[in-house]
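Below is one structure; the comments refer to it alone.
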Amino acid sequence: MKIQRSKQLQLQSIYYYPVDPRMFDSISFIYSFFLHGFVYVRRNGIFNFIKKYKDGIELEEVNIDIDNTNNIVYFSEGHYGYDNKPTTSEVDDLFEEQNFIELCKIGFLDHITMTKDNFTHILLTWDKIIDQQSPFALLYQDNKNWFDVKPFNTQEAMEQFVADHTQK
Amino acid sequence: MMLDMQDQLDHIHQQQDDQYQAGKSRMQQRSERNLESVKHGLYSTLDTGEALLTQMMNKSVRENVCDISEMVVDITITDKAFDSLLHLSQIVGNQALQAAESINQNIPPSLLDSSMSFVETSTGELIAIADFTGESISVAMASQIAANRAEQSIRFAAKTKELNEKINEKLKPKKKDVEALHKEIEPFLSSEKLVNVERLKATKDIKQIEDFRTYTDNFKNLDKLKPEEILYLNLCDWLAPQAATINAELGVLKFIDPATKVEVVIKELDLFHSLLGEMRPGSIKYHTSGGHLLIPELRASMLDFSEITQFGEGFFDMDIKYAGKQSTSYKPNTYFPAGTSIEQAVNIIEQAIKNPKKIFFETIDVNGKTSCNLMSQSDQIFTLHIENSKAKIHPASPISGKIF
């Protein structure tokens with residue numbers, strides 16, 4: 001397994017925040033959903049959440065949109081990200097339709113995608129990590145485009161894992 | 001004889017124009033017009049009708065309707081002295097008065113200050129025509145517009161009632177606070193007309209208002225506005241002076257990320273986004289963004305709502321979605337406790353920023369934006385998004401699974 005990209009997280013008080021908040025990659029949209037949207041996963045229960053929000057969920061910070069035909073989940077920037085971006089009439093029309101998937105496809109919205117199976121997996125894994133309250137957690141995407149989260153007891157162990165699984 | 005009549009009519013018109021220019025009161029003009037009528041007593045129905053229409057040119061509908069009413073009233077007075085005026089009051093008076101009054105009752109408020117002319121159609125119907133756009137309003141059309149507005153108002157009121165009942169049942173808010181907030185905003189709760197167009201014109205440099213300024217050509221083309229947009233602008237008008245005072249007194253708020261030592265500076269709060277929410281003219285695209293102060297009338301005009309979940313000290317989540325969009329999923333949105341005033345909301349925010357229990361950074365200076373969570377002394381989390389020292393803030397649901 002090789003890591004394509006990752007985000008290192010640290011438990012602060014009762015929740016996880018980035019070790020270095022100055023670093024940003026589109027994988028951060030997944031973390032942003034953990035931070036701002038996971039409360040709704042916990043409130044509903046994971047499988048009820050998936051059922052209730054079968055087409056996705058819109059938050060101020062991040063949008064989740066689910067292409068149920070192709071089984072793809074889109075994590076894209078929320079209102080705070082795109083608010084000041086210049087638009088075209090095509091973009092405006094897509095916003096009126098709330099067609100965030102197409103806005104991702106045409107490149108207007110910065111985003112990242114994963115399969116629906118992967119989405120379910122990462123919700124279940126993150127749920128366990130929150131309960132475990134491990135001091136660190138690594139969110140990463142591997143060379144097979146699979147996203148995962150892994151808990152660590154020390155930052156050194158987390159960094160070593162990244163080093164061991166990064167293509168030289 | 002015809003020449004004499006024309007001379008006298010010209011004389012009357014000239015005198016009326018002079019009076020307008022001299023700024024005489026309408027009462028003075030009426031008195032003098034009556035005097036002239038009594039003196040000359042030479043109106044003929046057709047000539048006077050033409051004179052009336054000529055006089056209407058280049059005046060607003062409001063002025064025209066007023067003039068028609070006055071002319072008929074005045075002519076009725078002079079009719080008592082001169083039988084020749086009876087015909088005029090029947091032809092011009094009864095028809096025009098009734099039609100003009102009907103239009104006056106029902107015409108879109110946005111057209112009242114437009115430059116309009118009244119003309120009579122070949123079928124004898126009186127219509128008002130906007131000089132600039134050529135848009136015409138007949139009695140029937142004005143009535144339809146009024147009916148549509150009334151229907152919209154009834155729908156808004158029903159949704160507001162439904163939302164209030166939901167809130168009361170689920171949250172049991174402090175009745176006194178809810179009533180106080182409602183009393184404060186009540187004068188601005190119209191979705192039919194802008195409360196003070198001149199004040200909106202004079203309110204500058206607020207993004208949420210500027211978009212509407214462009215859209216309406218500096219609030220001239222108000223007929224383009226939808227009812228919910230009128231309501232939103234009225235509430236912007238309500239918030240603007242308070243937001244200006246709050247931001248002027250805010251000073252510079254700073255806090256430092258302990259890990260990176262980066263200093264974050266806030267000089268202004270975007271209260272329009274945070275409290276009222278976003279609305280773009282002619283669009284629904286940002287209707288669910290911001291708006292964390294509960295104003296049931298505004299929410300009901302823009303959105304459908306579903307579940308309500310309380311957390312913290314009266315804060316709550318409400319699932320919202322774009323009104324009329326059946327396929328769109330509900331979006332959870334957080335709110336200050338029902339009945340929270342602007343002052344109370346700002347005080348809560350300021351206390352959280354100035355004296356936080358903890359600060360957690362999500363991003364620092366990524367594309368010029370910083371996002372963080374503040375935990376207040378009462379353990380309420382607030383999410384801040386700061387760009388160019390301007391902060392958008394919203395209360396956040398508890399983020400730890402341990403709380404559930």
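By order of appearance in the structure tokens: chains A, B, ..., then residues from 1 within every chain, and ligands from 1 in the order shown.
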
Compile the residues of chain B that lie within 10 Å of chain A, evaluated using only C-alpha atoms, and express the compilation as a PyMOL selection string. chain B and resi 257+259-260+262+282-286+288-290+309+321-322+325+327-333+358-367+369-373+383+385-387+392+394+396-404

Please identify all polymer residues within 8 Å of Ile353 (chain B), counting only C-alpha atoms, omitting same-chain residues fewer than 2 positions from it, and present them as a short mmCIF file (atom, residue, chain, number, x, y, z; two decimals) with N, CA and C atoms, in the first residue's frame.
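See selection-v4.cif below for the written result:
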```cif
data_model
loop_
_atom_site.label_atom_id
_atom_site.label_comp_id
_atom_site.auth_asym_id
_atom_site.auth_seq_id
_atom_site.Cartn_x
_atom_site.Cartn_y
_atom_site.Cartn_z
N LEU B 253 -10.25 42.63 17.31
CA LEU B 253 -10.20 41.42 18.13
C LEU B 253 -9.08 40.52 17.60
N PHE B 255 -6.69 36.82 18.31
CA PHE B 255 -6.32 35.64 19.07
C PHE B 255 -5.23 34.89 18.33
N ILE B 349 -21.37 36.35 20.84
CA ILE B 349 -20.23 36.17 19.93
C ILE B 349 -18.98 36.86 20.48
N GLU B 350 -19.15 38.09 20.90
CA GLU B 350 -18.00 38.86 21.42
C GLU B 350 -17.37 38.19 22.62
N GLN B 351 -18.21 37.72 23.53
CA GLN B 351 -17.69 37.05 24.72
C GLN B 351 -16.90 35.80 24.33
N ASN B 355 -13.06 35.99 25.19
CA ASN B 355 -12.73 35.19 26.36
C ASN B 355 -13.06 33.71 26.13
N PRO B 356 -12.40 33.12 25.13
CA PRO B 356 -12.75 31.72 24.82
C PRO B 356 -12.13 30.76 25.82
N LEU B 374 -14.34 28.10 18.26
CA LEU B 374 -14.11 28.65 19.59
C LEU B 374 -15.06 27.96 20.55
N SER B 376 -16.85 28.54 24.00
CA SER B 376 -17.13 29.62 24.96
C SER B 376 -17.01 29.08 26.39
#
```

For CA of Arg5 (chain A) and CA of Ala137 (chain A), the interatomic separation in Å (one decimal): 14.0 Å

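Note that CA of Lys2 (chain A) and CA of Leu138 (chain A) are 13.7 Å apart.
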
As a PyMOL selection string, please: every residue in region 37-158 of chain A that a backbone DSSP assignment puts in strand (DSSP E or B). chain A and resi 56-58+62-67+72-77+111-115+136-142+147-152

Selected residues written out, C-alpha atoms, as a compact mmCIF listing (two decimals), in the first residue's frame:
```txt
# COMPACT_ATOMS: atom_id res chain seq x y z
CA GLY A 56 -26.08 14.06 0.10
CA ILE A 57 -25.96 16.79 2.70
CA GLU A 58 -25.15 20.48 2.34
CA VAL A 62 -18.57 21.30 2.79
CA ASN A 63 -21.08 19.62 0.51
CA ILE A 64 -21.60 15.91 0.16
CA ASP A 65 -23.34 14.90 -3.05
CA ILE A 66 -24.02 11.31 -3.99
CA ASP A 67 -24.24 10.08 -7.56
CA ILE A 72 -19.74 8.00 -6.38
CA VAL A 73 -19.68 10.39 -3.43
CA TYR A 74 -18.49 13.96 -4.04
CA PHE A 75 -16.98 16.02 -1.20
CA SER A 76 -16.80 19.63 -2.38
CA GLU A 77 -16.15 23.07 -0.98
CA HIS A 111 -13.63 18.52 -4.68
CA ILE A 112 -12.63 14.93 -4.03
CA THR A 113 -14.52 11.71 -4.79
CA MET A 114 -14.80 8.22 -3.38
CA THR A 115 -17.03 5.21 -3.95
CA PHE A 136 -3.64 11.08 16.73
CA ALA A 137 -5.35 9.95 13.56
CA LEU A 138 -4.23 9.81 9.95
CA LEU A 139 -6.67 10.35 7.10
CA TYR A 140 -5.19 9.15 3.84
CA GLN A 141 -5.82 8.01 0.26
CA ASP A 142 -3.85 5.03 -1.02
CA PHE A 147 -9.62 6.43 1.65
CA ASP A 148 -9.04 5.31 5.20
CA VAL A 149 -8.44 6.62 8.72
CA LYS A 150 -5.98 5.08 11.13
CA PRO A 151 -5.49 5.89 14.84
CA PHE A 152 -2.06 6.43 16.43
```

Which residue is closest to Leu225 (chain B)? Choose from B:Lys204, B:Lys254, B:Arg280, B:Lys170 and count only C-alpha atoms.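 Closest residue, counting only C-alpha atoms: B:Arg280.
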
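Residues within 7 Å of Ile308 (chain B), counting only C-alpha atoms and excluding same-chain residues fewer than 5 positions away, are Phe316, Asp317, Met318 and Asp319 of chain B.
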
If you keep C-alpha atoms, can you produce a file of those selected residues as a PDB file, in the first residue's frame?
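Produced file part_5.pdb, reproduced below:
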```
ATOM      1  CA  PHE B 316     -30.833  24.458  18.124  1.00  0.00           C
ATOM      2  CA  ASP B 317     -30.513  22.792  14.730  1.00  0.00           C
ATOM      3  CA  MET B 318     -33.296  23.002  12.207  1.00  0.00           C
ATOM      4  CA  ASP B 319     -33.334  21.066   8.955  1.00  0.00           C
TER       5      ASP B 319
END
```

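Our summary of the geometry notes that CA of Leu189 (chain B) is positioned 26.4 Å from CA of Glu268 (chain B).
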
From a backbone DSSP assignment, name each residue in chain A labelled helix (DSSP H, G or I), as an MDAnalysis selection string. chainID A and resid 28:44 46:52 79:82 89:96 100:105 116:132 155:164
